[in-house]
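Colleague: Structure provided below as structure tokens; questions to follow.
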2 protein chains.
Amino acid sequence: MSPTLREPPSAEPAPAVGRRRTGVHGARHGGRSERVVRAVMHAAAAEIARAGYAALRVEDVAARAGVNKTTIYRRWPTKAELVKATLRSFSDGRQAPPDTGALRLDLLELVRRFVAVASTPEGQGIYRMLLAELHVPEVEALARALREERLAPWREVLERGVARGELPPGTDLDLLVEMIRGVVTNRLFRLRGPVDAGALESIVDVVVLGAKAGGALRRGPAAPGAP
Amino acid sequence: MSPTLREPPSAEPAPAVGRRRTGVHGARHGGRSERVVRAVMHAAAAEIARAGYAALRVEDVAARAGVNKTTIYRRWPTKAELVKATLRSFSDGRQAPPDTGALRLDLLELVRRFVAVASTPEGQGIYRMLLAELHVPEVEALARALREERLAPWREVLERGVARGELPPGTDLDLLVEMIRGVVTNRLFRLRGPVDAGALESIVDVVVLGAKAGGALRRGPAAPGAP
């Protein structure tokens, strides 16, 4: 059991506006407006972790970020827009996809990024909210939009693998992504077990070798004998 | 999207004691005591779906089952015992594991059983409760005990596959189970997408072919180069 993954999302205040900080956003930016965005995103993630979506109040996000409520509304006119921006800000789909020339290595890099983001307090809080409130229509719409964005780099990496002849044409690429992310999500959020480097490699290897051997060739639900 | 999987768990009353019923328990039993058990298990599953674990009241289960509270307490002295019996009653680990002589077919049968149970209103309610209340220590203990029981038939089927030479010795069998159940769980409960026969076959084929090719050979977290 990894203690990090068992802790509830941190309730620490977000970095106050004006303090410098590097974090999920990578480089240090100097502008006040970027510092405000960063502080609001961290505060919103903390409030999402604490209150979820339905009970989230923009006032509380503003108070936690140390900014005026109107500062938030000017940029994100609705709660849904604020939450969507927060989810994107802590998504693992933000970086350019890796391109090492080998499918296995590209997938390992993508799954490591996913685990890294999903293991932060912000990532944990966001995932738990998505799980708990998927029945809220606004949350389901957000989750669907976010999923497409998250899938994009995986699809790109897998399509390059097909183009290089590492996977047979006609492979159900989305299923492969789902298999890798599904087992990792399940381990992080349901089993609450560790996701070590060895496990990630085995997961990627099973999926790549199984797909290479034709296990994920698209088939209709009406052809139960294939492949 | 499968409409069945998108419906909230049914709030219909459990079958009243005394009415005959076949269901998850397979054969029809005649004895009054068995009918009571069945009615209480269905009522408890419905109450778990409605109220979750923490808010579950044995009185409500008794009322829904049409039995006296003391009838329940006589058999299951605590709420935890009642819930444990309910979870086992709707678990997919109750039947003897299949033994077709082919690993692929055995795994397909196991995953179909899993989907069948997880698609009932009782199965859905139980899974959602386990997801939502895993932070409750009693629920975590129940989930852990149940997981071991559920894994047993999968391990048996996979070990027979290794003994027949279908998988290399040293394969991490639990990881294979986790990969199959993880993607299915994720699709049923997070993505809320359909789990058709074609998808189940692809999932099983990717895992079997990938493991056959050595993708899940046990390795330490310190050996990132393998295989």
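As shown in the structure tokens, the chain order sets the letters A, B, ...; within each chain, residues go from 1, and ligands are also counted from 1 in the order they appear.
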Would you kindly report the residues of chain B within 7 Å of chain A, using only C-alpha atoms, as a PyMOL selection string?
Modeller: chain B and resi 131-132+178-179+182-183+186+190+196-198+202+205-207+209-211+213+215-216+219-221+224
Colleague: Counting only C-alpha atoms, which of A:Glu109, A:Glu149, A:Asp174, A:Glu133 gets nearest to Ala49 in chain A?
Modeller: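 Looking at the shortest contact to Ala49 in chain A, the residue is A:Glu133.
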Colleague: For Tyr127 in chain B, which residue among B:Arg113, B:Asp106, B:Gly52, B:Glu34 is the nearest when counting only C-alpha atoms?
Modeller: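 Closest to Tyr127 in chain B of all the choices is B:Gly52.
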Colleague: If you run DSSP on the backbone, which residues of range 4-191 of chain A are alpha helix (DSSP H), as a ChimeraX atom specification?
Modeller: /A:4-6,32-51,58-65,69-75,79-89,103-118,121-132,137-163,173-186
Colleague: Using only C-alpha atoms, which protein or nucleic acid residues come within 9 Å of Leu110 in chain B? Drop anything in the same chain fewer than 4 positions from it, and give the result as a ChimeraX atom specification.
Modeller: /B:92-93,97-98,105-106,114-115,153-154
